[in-house]
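Text of run-v5.pdb, listed as PDB, C-alpha atoms, pLDDT in the B column:
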```pdb
ATOM      1  CA  MET A 151       7.904  26.961 -13.072  1.00 71.00           C
ATOM      2  CA  SER A 152      11.587  27.748 -12.638  1.00 76.00           C
ATOM      3  CA  ASP A 153      11.587  27.288  -8.844  1.00 92.00           C
ATOM      4  CA  CYS A 154       9.534  24.061  -8.792  1.00 97.00           C
ATOM      5  CA  LEU A 155      11.410  20.979  -7.578  1.00 97.00           C
ATOM      6  CA  PHE A 156       9.479  18.584  -9.808  1.00 98.00           C
ATOM      7  CA  CYS A 157       9.814  20.839 -12.880  1.00 98.00           C
ATOM      8  CA  LYS A 158      13.583  20.702 -12.252  1.00 97.00           C
ATOM      9  CA  ILE A 159      13.383  16.894 -12.149  1.00 98.00           C
ATOM     10  CA  VAL A 160      11.404  16.946 -15.426  1.00 98.00           C
ATOM     11  CA  LYS A 161      14.109  19.116 -17.029  1.00 97.00           C
ATOM     12  CA  GLY A 162      16.870  16.842 -15.713  1.00 97.00           C
ATOM     13  CA  GLU A 163      18.334  19.569 -13.514  1.00 97.00           C
ATOM     14  CA  ILE A 164      17.828  17.433 -10.404  1.00 97.00           C
ATOM     15  CA  PRO A 165      18.381  13.650 -10.550  1.00 97.00           C
ATOM     16  CA  CYS A 166      15.738  11.085  -9.659  1.00 98.00           C
ATOM     17  CA  SER A 167      15.357   7.315  -9.543  1.00 98.00           C
ATOM     18  CA  LEU A 168      13.241   7.084 -12.655  1.00 98.00           C
ATOM     19  CA  VAL A 169      10.901   4.133 -13.086  1.00 98.00           C
ATOM     20  CA  TYR A 170       8.789   5.360 -16.034  1.00 98.00           C
ATOM     21  CA  GLN A 171       8.494   8.256 -18.429  1.00 98.00           C
ATOM     22  CA  ASP A 172       6.814   9.204 -21.655  1.00 98.00           C
ATOM     23  CA  ASP A 173       6.025  12.528 -23.334  1.00 98.00           C
ATOM     24  CA  ALA A 174       3.542  13.610 -20.660  1.00 98.00           C
ATOM     25  CA  VAL A 175       4.276  11.672 -17.466  1.00 98.00           C
ATOM     26  CA  MET A 176       7.195  10.743 -15.210  1.00 98.00           C
ATOM     27  CA  ALA A 177       7.354   8.292 -12.309  1.00 98.00           C
ATOM     28  CA  PHE A 178      10.229   8.045  -9.850  1.00 98.00           C
ATOM     29  CA  LYS A 179      11.013   6.798  -6.354  1.00 98.00           C
ATOM     30  CA  ASP A 180      10.103   9.032  -3.408  1.00 98.00           C
ATOM     31  CA  ILE A 181      13.320  10.022  -1.629  1.00 96.00           C
ATOM     32  CA  ASN A 182      11.552   9.650   1.757  1.00 95.00           C
ATOM     33  CA  PRO A 183       9.681   6.377   1.281  1.00 97.00           C
ATOM     34  CA  LEU A 184       6.725   5.668   3.586  1.00 96.00           C
ATOM     35  CA  ALA A 185       6.354   2.076   2.360  1.00 97.00           C
ATOM     36  CA  PRO A 186       8.627  -0.566   0.768  1.00 98.00           C
ATOM     37  CA  THR A 187       7.442   0.723  -2.603  1.00 98.00           C
ATOM     38  CA  HIS A 188       6.781   4.469  -2.722  1.00 98.00           C
ATOM     39  CA  LEU A 189       6.701   6.075  -6.147  1.00 98.00           C
ATOM     40  CA  LEU A 190       5.562   9.479  -7.332  1.00 98.00           C
ATOM     41  CA  VAL A 191       3.747   9.893 -10.631  1.00 98.00           C
ATOM     42  CA  ILE A 192       3.706  13.431 -12.011  1.00 98.00           C
ATOM     43  CA  PRO A 193       2.573  15.239 -15.148  1.00 98.00           C
ATOM     44  CA  LYS A 194       5.511  16.866 -16.934  1.00 98.00           C
ATOM     45  CA  GLN A 195       3.482  20.038 -17.312  1.00 97.00           C
ATOM     46  CA  HIS A 196       3.257  22.116 -14.158  1.00 98.00           C
ATOM     47  CA  LEU A 197      -0.073  21.866 -12.350  1.00 98.00           C
ATOM     48  CA  ALA A 198       0.031  23.039  -8.742  1.00 98.00           C
ATOM     49  CA  SER A 199      -2.401  20.431  -7.417  1.00 98.00           C
ATOM     50  CA  ALA A 200      -5.547  18.468  -8.228  1.00 98.00           C
ATOM     51  CA  LEU A 201      -7.474  21.719  -7.684  1.00 98.00           C
ATOM     52  CA  ASP A 202      -5.971  22.957 -10.975  1.00 98.00           C
ATOM     53  CA  ILE A 203      -7.449  20.128 -13.045  1.00 98.00           C
ATOM     54  CA  ASN A 204     -10.056  21.236 -15.570  1.00 98.00           C
ATOM     55  CA  ALA A 205     -11.499  20.168 -18.919  1.00 97.00           C
ATOM     56  CA  HIS A 206      -8.526  21.714 -20.750  1.00 97.00           C
ATOM     57  CA  ASN A 207      -5.794  19.731 -18.993  1.00 98.00           C
ATOM     58  CA  SER A 208      -7.542  16.608 -17.658  1.00 98.00           C
ATOM     59  CA  ALA A 209      -6.328  14.372 -20.502  1.00 98.00           C
ATOM     60  CA  VAL A 210      -2.997  14.058 -18.700  1.00 98.00           C
ATOM     61  CA  ILE A 211      -4.810  12.719 -15.619  1.00 98.00           C
ATOM     62  CA  ALA A 212      -6.497  10.047 -17.720  1.00 98.00           C
ATOM     63  CA  HIS A 213      -3.107   9.183 -19.153  1.00 98.00           C
ATOM     64  CA  MET A 214      -1.497   9.002 -15.699  1.00 98.00           C
ATOM     65  CA  PHE A 215      -4.156   6.540 -14.562  1.00 98.00           C
ATOM     66  CA  GLU A 216      -3.642   4.498 -17.749  1.00 98.00           C
ATOM     67  CA  VAL A 217       0.059   4.071 -16.995  1.00 98.00           C
ATOM     68  CA  ILE A 218      -0.238   3.515 -13.226  1.00 98.00           C
ATOM     69  CA  PRO A 219      -1.367  -0.135 -13.629  1.00 98.00           C
ATOM     70  CA  GLN A 220       1.723  -0.813 -15.732  1.00 98.00           C
ATOM     71  CA  ILE A 221       3.968   0.982 -13.227  1.00 98.00           C
ATOM     72  CA  ALA A 222       2.421  -1.000 -10.352  1.00 98.00           C
ATOM     73  CA  LYS A 223       2.909  -4.292 -12.197  1.00 98.00           C
ATOM     74  CA  GLU A 224       6.553  -3.501 -12.928  1.00 98.00           C
ATOM     75  CA  ALA A 225       7.059  -2.525  -9.271  1.00 98.00           C
ATOM     76  CA  GLY A 226       5.611  -5.897  -8.218  1.00 98.00           C
ATOM     77  CA  ILE A 227       2.755  -4.425  -6.149  1.00 98.00           C
ATOM     78  CA  ALA A 228      -0.229  -4.860  -8.471  1.00 98.00           C
ATOM     79  CA  GLU A 229      -1.213  -8.321  -7.308  1.00 98.00           C
ATOM     80  CA  LYS A 230      -1.140  -7.727  -3.540  1.00 98.00           C
ATOM     81  CA  GLY A 231      -2.519  -4.222  -3.800  1.00 98.00           C
ATOM     82  CA  PHE A 232      -1.470  -0.638  -3.323  1.00 98.00           C
ATOM     83  CA  ARG A 233      -2.743   2.870  -2.607  1.00 98.00           C
ATOM     84  CA  ILE A 234      -2.814   6.011  -4.740  1.00 98.00           C
ATOM     85  CA  VAL A 235      -2.824   9.330  -2.872  1.00 98.00           C
ATOM     86  CA  THR A 236      -2.649  12.970  -3.844  1.00 98.00           C
ATOM     87  CA  ASN A 237      -2.467  15.710  -1.224  1.00 98.00           C
ATOM     88  CA  ILE A 238      -3.883  19.158  -1.811  1.00 98.00           C
ATOM     89  CA  GLY A 239      -2.922  22.199   0.264  1.00 98.00           C
ATOM     90  CA  LYS A 240      -2.084  22.538   3.935  1.00 97.00           C
ATOM     91  CA  ASP A 241      -4.703  20.231   5.500  1.00 97.00           C
ATOM     92  CA  GLY A 242      -3.878  17.616   2.879  1.00 97.00           C
ATOM     93  CA  GLY A 243      -0.193  17.735   3.729  1.00 96.00           C
ATOM     94  CA  GLN A 244       0.979  18.760   0.262  1.00 97.00           C
ATOM     95  CA  ILE A 245       4.723  19.506   0.367  1.00 95.00           C
ATOM     96  CA  VAL A 246       5.709  20.022  -3.291  1.00 97.00           C
ATOM     97  CA  GLN A 247       3.394  22.366  -5.170  1.00 97.00           C
ATOM     98  CA  HIS A 248       3.400  20.303  -8.375  1.00 98.00           C
ATOM     99  CA  LEU A 249       0.623  17.739  -8.762  1.00 98.00           C
ATOM    100  CA  HIS A 250       1.857  14.258  -7.842  1.00 98.00           C
ATOM    101  CA  PHE A 251       0.245  10.938  -7.072  1.00 98.00           C
ATOM    102  CA  HIS A 252       1.889   8.801  -4.413  1.00 98.00           C
ATOM    103  CA  ILE A 253       1.902   5.074  -5.212  1.00 98.00           C
ATOM    104  CA  LEU A 254       2.362   3.117  -1.977  1.00 98.00           C
ATOM    105  CA  GLY A 255       2.716  -0.638  -1.655  1.00 98.00           C
ATOM    106  CA  GLY A 256       4.791  -3.553  -0.514  1.00 98.00           C
ATOM    107  CA  ARG A 257       3.117  -3.853   2.882  1.00 97.00           C
ATOM    108  CA  HIS A 258      -0.395  -3.811   4.305  1.00 97.00           C
ATOM    109  CA  LEU A 259      -1.425  -0.150   4.399  1.00 97.00           C
ATOM    110  CA  GLU A 260      -3.300   1.170   7.408  1.00 94.00           C
ATOM    111  CA  PRO A 261      -7.013   1.895   6.922  1.00 92.00           C
ATOM    112  CA  SER A 262      -6.838   5.359   8.521  1.00 90.00           C
ATOM    113  CA  LEU A 263      -5.999   7.226   5.259  1.00 92.00           C
ATOM    114  CA  GLY A 264      -4.454   9.990   7.424  1.00 88.00           C
TER     115      GLY A 264
ATOM    116  CA  MET B   5     -22.526  -5.824 -11.397  1.00 71.00           C
ATOM    117  CA  SER B   6     -25.686  -6.986  -9.653  1.00 76.00           C
ATOM    118  CA  ASP B   7     -23.985  -7.759  -6.339  1.00 92.00           C
ATOM    119  CA  CYS B   8     -21.891  -4.595  -6.171  1.00 97.00           C
ATOM    120  CA  LEU B   9     -22.789  -2.183  -3.344  1.00 97.00           C
ATOM    121  CA  PHE B  10     -21.875   0.920  -5.314  1.00 98.00           C
ATOM    122  CA  CYS B  11     -23.699  -0.265  -8.459  1.00 98.00           C
ATOM    123  CA  LYS B  12     -26.774  -0.603  -6.229  1.00 97.00           C
ATOM    124  CA  ILE B  13     -26.270   2.977  -5.024  1.00 98.00           C
ATOM    125  CA  VAL B  14     -25.942   4.113  -8.659  1.00 98.00           C
ATOM    126  CA  LYS B  15     -29.246   2.356  -9.491  1.00 97.00           C
ATOM    127  CA  GLY B  16     -30.956   3.888  -6.456  1.00 97.00           C
ATOM    128  CA  GLU B  17     -31.481   0.491  -4.824  1.00 97.00           C
ATOM    129  CA  ILE B  18     -29.506   1.567  -1.754  1.00 97.00           C
ATOM    130  CA  PRO B  19     -29.776   5.146  -0.457  1.00 97.00           C
ATOM    131  CA  CYS B  20     -26.818   7.481  -0.052  1.00 98.00           C
ATOM    132  CA  SER B  21     -26.137  11.041   1.062  1.00 98.00           C
ATOM    133  CA  LEU B  22     -25.602  12.412  -2.404  1.00 98.00           C
ATOM    134  CA  VAL B  23     -23.485  15.523  -2.869  1.00 98.00           C
ATOM    135  CA  TYR B  24     -22.996  15.441  -6.655  1.00 98.00           C
ATOM    136  CA  GLN B  25     -24.017  13.501  -9.719  1.00 98.00           C
ATOM    137  CA  ASP B  26     -24.013  13.753 -13.481  1.00 98.00           C
ATOM    138  CA  ASP B  27     -24.295  11.192 -16.289  1.00 98.00           C
ATOM    139  CA  ALA B  28     -20.987   9.516 -15.476  1.00 98.00           C
ATOM    140  CA  VAL B  29     -20.093  10.282 -11.852  1.00 98.00           C
ATOM    141  CA  MET B  30     -21.624  10.218  -8.380  1.00 98.00           C
ATOM    142  CA  ALA B  31     -20.299  11.625  -5.107  1.00 98.00           C
ATOM    143  CA  PHE B  32     -21.753  10.850  -1.682  1.00 98.00           C
ATOM    144  CA  LYS B  33     -20.818  10.876   1.985  1.00 98.00           C
ATOM    145  CA  ASP B  34     -18.872   7.892   3.357  1.00 98.00           C
ATOM    146  CA  ILE B  35     -21.023   6.157   5.961  1.00 96.00           C
ATOM    147  CA  ASN B  36     -17.931   5.559   8.143  1.00 95.00           C
ATOM    148  CA  PRO B  37     -16.221   8.952   7.950  1.00 97.00           C
ATOM    149  CA  LEU B  38     -12.519   9.108   8.802  1.00 96.00           C
ATOM    150  CA  ALA B  39     -12.459  12.921   8.744  1.00 97.00           C
ATOM    151  CA  PRO B  40     -14.986  15.755   9.262  1.00 98.00           C
ATOM    152  CA  THR B  41     -15.512  15.692   5.486  1.00 98.00           C
ATOM    153  CA  HIS B  42     -15.254  12.238   3.907  1.00 98.00           C
ATOM    154  CA  LEU B  43     -16.816  11.811   0.492  1.00 98.00           C
ATOM    155  CA  LEU B  44     -16.583   9.051  -2.090  1.00 98.00           C
ATOM    156  CA  VAL B  45     -16.451   9.847  -5.795  1.00 98.00           C
ATOM    157  CA  ILE B  46     -17.291   6.937  -8.093  1.00 98.00           C
ATOM    158  CA  PRO B  47     -17.801   6.309 -11.790  1.00 98.00           C
ATOM    159  CA  LYS B  48     -21.334   5.115 -12.515  1.00 98.00           C
ATOM    160  CA  GLN B  49     -19.930   2.378 -14.729  1.00 97.00           C
ATOM    161  CA  HIS B  50     -18.496  -0.578 -12.844  1.00 98.00           C
ATOM    162  CA  LEU B  51     -14.701  -0.645 -12.706  1.00 98.00           C
ATOM    163  CA  ALA B  52     -13.297  -2.902  -9.999  1.00 98.00           C
ATOM    164  CA  SER B  53     -10.337  -0.682  -9.144  1.00 98.00           C
ATOM    165  CA  ALA B  54      -7.730   1.678 -10.586  1.00 98.00           C
ATOM    166  CA  LEU B  55      -6.020  -1.414 -12.021  1.00 98.00           C
ATOM    167  CA  ASP B  56      -8.910  -1.651 -14.499  1.00 98.00           C
ATOM    168  CA  ILE B  57      -8.280   1.775 -16.002  1.00 98.00           C
ATOM    169  CA  ASN B  58      -7.142   1.726 -19.630  1.00 98.00           C
ATOM    170  CA  ALA B  59      -7.270   3.889 -22.739  1.00 97.00           C
ATOM    171  CA  HIS B  60     -10.850   2.785 -23.453  1.00 97.00           C
ATOM    172  CA  ASN B  61     -12.356   3.910 -20.138  1.00 97.00           C
ATOM    173  CA  SER B  62      -9.979   6.571 -18.813  1.00 98.00           C
ATOM    174  CA  ALA B  63     -12.152   9.486 -19.952  1.00 98.00           C
ATOM    175  CA  VAL B  64     -14.311   8.972 -16.873  1.00 98.00           C
ATOM    176  CA  ILE B  65     -11.230   9.387 -14.657  1.00 98.00           C
ATOM    177  CA  ALA B  66     -10.446  12.707 -16.328  1.00 98.00           C
ATOM    178  CA  HIS B  67     -14.036  13.728 -15.753  1.00 98.00           C
ATOM    179  CA  MET B  68     -13.942  12.686 -12.081  1.00 98.00           C
ATOM    180  CA  PHE B  69     -10.869  14.859 -11.526  1.00 98.00           C
ATOM    181  CA  GLU B  70     -12.584  17.747 -13.329  1.00 98.00           C
ATOM    182  CA  VAL B  71     -15.531  17.647 -10.923  1.00 98.00           C
ATOM    183  CA  ILE B  72     -13.552  17.003  -7.713  1.00 98.00           C
ATOM    184  CA  PRO B  73     -12.438  20.672  -7.396  1.00 98.00           C
ATOM    185  CA  GLN B  74     -16.092  21.738  -7.581  1.00 98.00           C
ATOM    186  CA  ILE B  75     -17.126  19.068  -5.059  1.00 98.00           C
ATOM    187  CA  ALA B  76     -14.320  20.149  -2.694  1.00 98.00           C
ATOM    188  CA  LYS B  77     -15.313  23.811  -2.979  1.00 98.00           C
ATOM    189  CA  GLU B  78     -18.958  23.025  -2.236  1.00 98.00           C
ATOM    190  CA  ALA B  79     -17.868  20.904   0.748  1.00 98.00           C
ATOM    191  CA  GLY B  80     -15.853  23.868   2.063  1.00 98.00           C
ATOM    192  CA  ILE B  81     -12.492  22.035   2.066  1.00 98.00           C
ATOM    193  CA  ALA B  82     -10.833  23.410  -1.064  1.00 98.00           C
ATOM    194  CA  GLU B  83      -9.177  26.402   0.574  1.00 98.00           C
ATOM    195  CA  LYS B  84      -7.619  24.652   3.588  1.00 98.00           C
ATOM    196  CA  GLY B  85      -6.782  21.510   1.646  1.00 98.00           C
ATOM    197  CA  PHE B  86      -7.773  17.889   1.378  1.00 98.00           C
ATOM    198  CA  ARG B  87      -6.567  14.448   0.298  1.00 98.00           C
ATOM    199  CA  ILE B  88      -7.687  12.157  -2.516  1.00 98.00           C
ATOM    200  CA  VAL B  89      -7.094   8.423  -2.005  1.00 98.00           C
ATOM    201  CA  THR B  90      -7.963   5.279  -3.894  1.00 98.00           C
ATOM    202  CA  ASN B  91      -7.185   1.842  -2.483  1.00 98.00           C
ATOM    203  CA  ILE B  92      -6.442  -1.141  -4.681  1.00 98.00           C
ATOM    204  CA  GLY B  93      -6.616  -4.733  -3.472  1.00 98.00           C
ATOM    205  CA  LYS B  94      -5.798  -6.276  -0.129  1.00 97.00           C
ATOM    206  CA  ASP B  95      -2.576  -4.410   0.748  1.00 97.00           C
ATOM    207  CA  GLY B  96      -4.257  -1.155  -0.266  1.00 97.00           C
ATOM    208  CA  GLY B  97      -7.191  -1.811   2.042  1.00 96.00           C
ATOM    209  CA  GLN B  98      -9.845  -1.770  -0.681  1.00 97.00           C
ATOM    210  CA  ILE B  99     -13.191  -2.785   0.833  1.00 95.00           C
ATOM    211  CA  VAL B 100     -15.734  -2.206  -1.960  1.00 97.00           C
ATOM    212  CA  GLN B 101     -14.663  -3.659  -5.310  1.00 97.00           C
ATOM    213  CA  HIS B 102     -15.941  -0.684  -7.333  1.00 98.00           C
ATOM    214  CA  LEU B 103     -13.430   2.071  -8.075  1.00 98.00           C
ATOM    215  CA  HIS B 104     -13.855   4.987  -5.662  1.00 98.00           C
ATOM    216  CA  PHE B 105     -11.831   8.001  -4.683  1.00 98.00           C
ATOM    217  CA  HIS B 106     -11.954   9.051  -1.044  1.00 98.00           C
ATOM    218  CA  ILE B 107     -12.035  12.826  -0.525  1.00 98.00           C
ATOM    219  CA  LEU B 108     -10.880  13.614   3.010  1.00 98.00           C
ATOM    220  CA  GLY B 109     -10.789  17.054   4.616  1.00 98.00           C
ATOM    221  CA  GLY B 110     -11.932  19.283   7.426  1.00 98.00           C
ATOM    222  CA  ARG B 111      -8.889  18.611   9.622  1.00 97.00           C
ATOM    223  CA  HIS B 112      -5.129  18.401   9.259  1.00 97.00           C
ATOM    224  CA  LEU B 113      -4.444  14.993   7.738  1.00 97.00           C
ATOM    225  CA  GLU B 114      -1.518  12.927   9.000  1.00 94.00           C
ATOM    226  CA  PRO B 115       1.523  12.687   6.720  1.00 92.00           C
ATOM    227  CA  SER B 116       1.809   8.896   7.055  1.00 90.00           C
ATOM    228  CA  LEU B 117      -0.511   8.094   4.099  1.00 92.00           C
ATOM    229  CA  GLY B 118      -1.146   4.691   5.696  1.00 88.00           C
TER     230      GLY B 118
END
```

Output the structure of this file as structure tokens.
Amino acid sequence: MSDCLFCKIVKGEIPCSLVYQDDAVMAFKDINPLAPTHLLVIPKQHLASALDINAHNSAVIAHMFEVIPQIAKEAGIAEKGFRIVTNIGKDGGQIVQHLHFHILGGRHLEPSLG
Amino acid sequence: MSDCLFCKIVKGEIPCSLVYQDDAVMAFKDINPLAPTHLLVIPKQHLASALDINAHNSAVIAHMFEVIPQIAKEAGIAEKGFRIVTNIGKDGGQIVQHLHFHILGGRHLEPSLG
């Protein structure tokens, strides 16, 4: 998607504070952090949101959740705990229309979930 | 896990308001809803949290994310949007030590994410 912010980050057209990448996944720091640690984990392929996940593309989701423990450990938040969030659509508060999982940690997170 | 609340729900030893199930996944209403729609999606196999996901068990995560769009559509929250959250450990606010994804919708969710 030529006009997608995260696709531009994947292509290197926009810089990011990278913390992890492989062939299918990237993780980088959120530029507007809501917690001491706030990372975004995205698939390199463009999926608009979790509503676009299906049996043909779900392998990348499995892979993202395989690498998240490693990312959390390297960020120093695995032991105390963290939260994984993905927002879908307007009610969910989704801002960038490219599937991304927020990884939040480094402080006690409120139980409200939004 | 014999003392796990969600394993007891999977075995039918504790009732739940079921909205979806198949061989690997169950979805039911949260008994303490934080939004007009608040569902929990769990793997039937016991995984303590997202930190326990690895290449050997991640297929169930892919499957969970394949069925979530269908669950959201049937709950009437897919069009307006929703949020998917999983809490890990103390800082994350994890209460039940069996991996579960919260599905929250039916109102505009706050952008704070906790």

Show me, as number ranges by chain, the residues of chain B whose atoms get within 8 Å of chain A, using all atoms listed in the file for the distance check.
B: 38, 54-59, 62-67, 69-70, 72-73, 82-97, 109-118

Deliver the residues from the most recent selection as a file, using C-alpha atoms, as a CSV table (one decimal), in the frame of the given file.
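Output file out32.csv is given in full below:
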```
chain,number,residue,atom,x,y,z
B,38,LEU,CA,-12.5,9.1,8.8
B,54,ALA,CA,-7.7,1.7,-10.6
B,55,LEU,CA,-6.0,-1.4,-12.0
B,56,ASP,CA,-8.9,-1.7,-14.5
B,57,ILE,CA,-8.3,1.8,-16.0
B,58,ASN,CA,-7.1,1.7,-19.6
B,59,ALA,CA,-7.3,3.9,-22.7
B,62,SER,CA,-10.0,6.6,-18.8
B,63,ALA,CA,-12.2,9.5,-20.0
B,64,VAL,CA,-14.3,9.0,-16.9
B,65,ILE,CA,-11.2,9.4,-14.7
B,66,ALA,CA,-10.4,12.7,-16.3
B,67,HIS,CA,-14.0,13.7,-15.8
B,69,PHE,CA,-10.9,14.9,-11.5
B,70,GLU,CA,-12.6,17.7,-13.3
B,72,ILE,CA,-13.6,17.0,-7.7
B,73,PRO,CA,-12.4,20.7,-7.4
B,82,ALA,CA,-10.8,23.4,-1.1
B,83,GLU,CA,-9.2,26.4,0.6
B,84,LYS,CA,-7.6,24.7,3.6
B,85,GLY,CA,-6.8,21.5,1.6
B,86,PHE,CA,-7.8,17.9,1.4
B,87,ARG,CA,-6.6,14.4,0.3
B,88,ILE,CA,-7.7,12.2,-2.5
B,89,VAL,CA,-7.1,8.4,-2.0
B,90,THR,CA,-8.0,5.3,-3.9
B,91,ASN,CA,-7.2,1.8,-2.5
B,92,ILE,CA,-6.4,-1.1,-4.7
B,93,GLY,CA,-6.6,-4.7,-3.5
B,94,LYS,CA,-5.8,-6.3,-0.1
B,95,ASP,CA,-2.6,-4.4,0.7
B,96,GLY,CA,-4.3,-1.2,-0.3
B,97,GLY,CA,-7.2,-1.8,2.0
B,109,GLY,CA,-10.8,17.1,4.6
B,110,GLY,CA,-11.9,19.3,7.4
B,111,ARG,CA,-8.9,18.6,9.6
B,112,HIS,CA,-5.1,18.4,9.3
B,113,LEU,CA,-4.4,15.0,7.7
B,114,GLU,CA,-1.5,12.9,9.0
B,115,PRO,CA,1.5,12.7,6.7
B,116,SER,CA,1.8,8.9,7.1
B,117,LEU,CA,-0.5,8.1,4.1
B,118,GLY,CA,-1.1,4.7,5.7
```

Go ahead and align chain B to chain A (same sequence, so just pair every C-alpha in order, least squares) and export the moved chain as a CSV table (one decimal) with C-alpha atoms, keeping the file's coordinate frame.
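Dumped to out38.csv:
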```csv
chain,number,residue,atom,x,y,z
B,5,MET,CA,7.9,26.9,-13.1
B,6,SER,CA,11.6,27.7,-12.6
B,7,ASP,CA,11.6,27.3,-8.9
B,8,CYS,CA,9.5,24.1,-8.8
B,9,LEU,CA,11.4,21.0,-7.6
B,10,PHE,CA,9.5,18.6,-9.8
B,11,CYS,CA,9.8,20.8,-12.9
B,12,LYS,CA,13.6,20.7,-12.3
B,13,ILE,CA,13.4,16.9,-12.2
B,14,VAL,CA,11.4,16.9,-15.4
B,15,LYS,CA,14.1,19.1,-17.0
B,16,GLY,CA,16.9,16.8,-15.7
B,17,GLU,CA,18.3,19.6,-13.5
B,18,ILE,CA,17.8,17.4,-10.4
B,19,PRO,CA,18.4,13.7,-10.6
B,20,CYS,CA,15.7,11.1,-9.6
B,21,SER,CA,15.3,7.3,-9.5
B,22,LEU,CA,13.2,7.1,-12.6
B,23,VAL,CA,10.9,4.1,-13.1
B,24,TYR,CA,8.8,5.4,-16.0
B,25,GLN,CA,8.5,8.2,-18.4
B,26,ASP,CA,6.8,9.2,-21.7
B,27,ASP,CA,6.0,12.5,-23.3
B,28,ALA,CA,3.5,13.6,-20.7
B,29,VAL,CA,4.3,11.7,-17.5
B,30,MET,CA,7.2,10.7,-15.2
B,31,ALA,CA,7.4,8.3,-12.3
B,32,PHE,CA,10.2,8.0,-9.8
B,33,LYS,CA,11.0,6.8,-6.4
B,34,ASP,CA,10.1,9.0,-3.4
B,35,ILE,CA,13.3,10.0,-1.6
B,36,ASN,CA,11.5,9.7,1.8
B,37,PRO,CA,9.7,6.4,1.3
B,38,LEU,CA,6.7,5.7,3.6
B,39,ALA,CA,6.4,2.1,2.4
B,40,PRO,CA,8.6,-0.6,0.8
B,41,THR,CA,7.4,0.7,-2.6
B,42,HIS,CA,6.8,4.5,-2.7
B,43,LEU,CA,6.7,6.1,-6.1
B,44,LEU,CA,5.6,9.5,-7.3
B,45,VAL,CA,3.7,9.9,-10.6
B,46,ILE,CA,3.7,13.4,-12.0
B,47,PRO,CA,2.6,15.2,-15.1
B,48,LYS,CA,5.5,16.9,-16.9
B,49,GLN,CA,3.5,20.0,-17.3
B,50,HIS,CA,3.3,22.1,-14.2
B,51,LEU,CA,-0.1,21.9,-12.3
B,52,ALA,CA,0.0,23.0,-8.7
B,53,SER,CA,-2.4,20.4,-7.4
B,54,ALA,CA,-5.5,18.5,-8.2
B,55,LEU,CA,-7.5,21.7,-7.7
B,56,ASP,CA,-6.0,22.9,-11.0
B,57,ILE,CA,-7.5,20.1,-13.0
B,58,ASN,CA,-10.1,21.2,-15.6
B,59,ALA,CA,-11.5,20.2,-18.9
B,60,HIS,CA,-8.5,21.7,-20.8
B,61,ASN,CA,-5.8,19.7,-19.0
B,62,SER,CA,-7.5,16.6,-17.7
B,63,ALA,CA,-6.3,14.4,-20.5
B,64,VAL,CA,-3.0,14.1,-18.7
B,65,ILE,CA,-4.8,12.7,-15.6
B,66,ALA,CA,-6.5,10.1,-17.7
B,67,HIS,CA,-3.1,9.2,-19.2
B,68,MET,CA,-1.5,9.0,-15.7
B,69,PHE,CA,-4.2,6.5,-14.6
B,70,GLU,CA,-3.6,4.5,-17.8
B,71,VAL,CA,0.1,4.1,-17.0
B,72,ILE,CA,-0.2,3.5,-13.2
B,73,PRO,CA,-1.4,-0.1,-13.6
B,74,GLN,CA,1.7,-0.8,-15.7
B,75,ILE,CA,4.0,1.0,-13.2
B,76,ALA,CA,2.4,-1.0,-10.3
B,77,LYS,CA,2.9,-4.3,-12.2
B,78,GLU,CA,6.6,-3.5,-12.9
B,79,ALA,CA,7.1,-2.5,-9.3
B,80,GLY,CA,5.6,-5.9,-8.2
B,81,ILE,CA,2.7,-4.4,-6.1
B,82,ALA,CA,-0.2,-4.9,-8.5
B,83,GLU,CA,-1.2,-8.3,-7.3
B,84,LYS,CA,-1.1,-7.7,-3.5
B,85,GLY,CA,-2.5,-4.2,-3.8
B,86,PHE,CA,-1.5,-0.6,-3.3
B,87,ARG,CA,-2.8,2.9,-2.6
B,88,ILE,CA,-2.8,6.0,-4.7
B,89,VAL,CA,-2.8,9.3,-2.9
B,90,THR,CA,-2.7,13.0,-3.8
B,91,ASN,CA,-2.5,15.7,-1.2
B,92,ILE,CA,-3.9,19.2,-1.8
B,93,GLY,CA,-2.9,22.2,0.3
B,94,LYS,CA,-2.0,22.5,3.9
B,95,ASP,CA,-4.7,20.3,5.5
B,96,GLY,CA,-3.9,17.6,2.9
B,97,GLY,CA,-0.2,17.7,3.7
B,98,GLN,CA,1.0,18.8,0.2
B,99,ILE,CA,4.7,19.5,0.4
B,100,VAL,CA,5.7,20.0,-3.3
B,101,GLN,CA,3.4,22.4,-5.2
B,102,HIS,CA,3.4,20.3,-8.4
B,103,LEU,CA,0.6,17.7,-8.8
B,104,HIS,CA,1.9,14.2,-7.8
B,105,PHE,CA,0.2,10.9,-7.1
B,106,HIS,CA,1.9,8.8,-4.4
B,107,ILE,CA,1.9,5.1,-5.2
B,108,LEU,CA,2.4,3.1,-2.0
B,109,GLY,CA,2.7,-0.6,-1.7
B,110,GLY,CA,4.8,-3.6,-0.5
B,111,ARG,CA,3.1,-3.8,2.9
B,112,HIS,CA,-0.4,-3.8,4.3
B,113,LEU,CA,-1.4,-0.2,4.4
B,114,GLU,CA,-3.3,1.2,7.4
B,115,PRO,CA,-7.0,1.9,6.9
B,116,SER,CA,-6.8,5.3,8.5
B,117,LEU,CA,-6.0,7.2,5.3
B,118,GLY,CA,-4.5,10.0,7.4
```

Got a sec: who's within 6 Å of A:Leu249, counting only C-alpha atoms, leaving out chain neighbours fewer than 4 positions off, as JSON, numbers by chain?
{"A": [197, 198, 199]}

Taking all atoms of stretch 65-79 of chain B that the file lists, what box with edges along x, y and z, padded by 5 Å per side, do you get, with centre and edge lengths in Å to one decimal, as JSON?
```
{"center_x": -14.7, "center_y": 16.6, "center_z": -7.8, "size_x": 18.5, "size_y": 24.4, "size_z": 27.1}
```

Residues near B:Val14, cut-off 12 Å, only C-alpha atoms, skip fewer than 3 positions along chain, as a ChimeraX atom specification:
/B:5-6,8-11,17-22,24-32,45-50,102
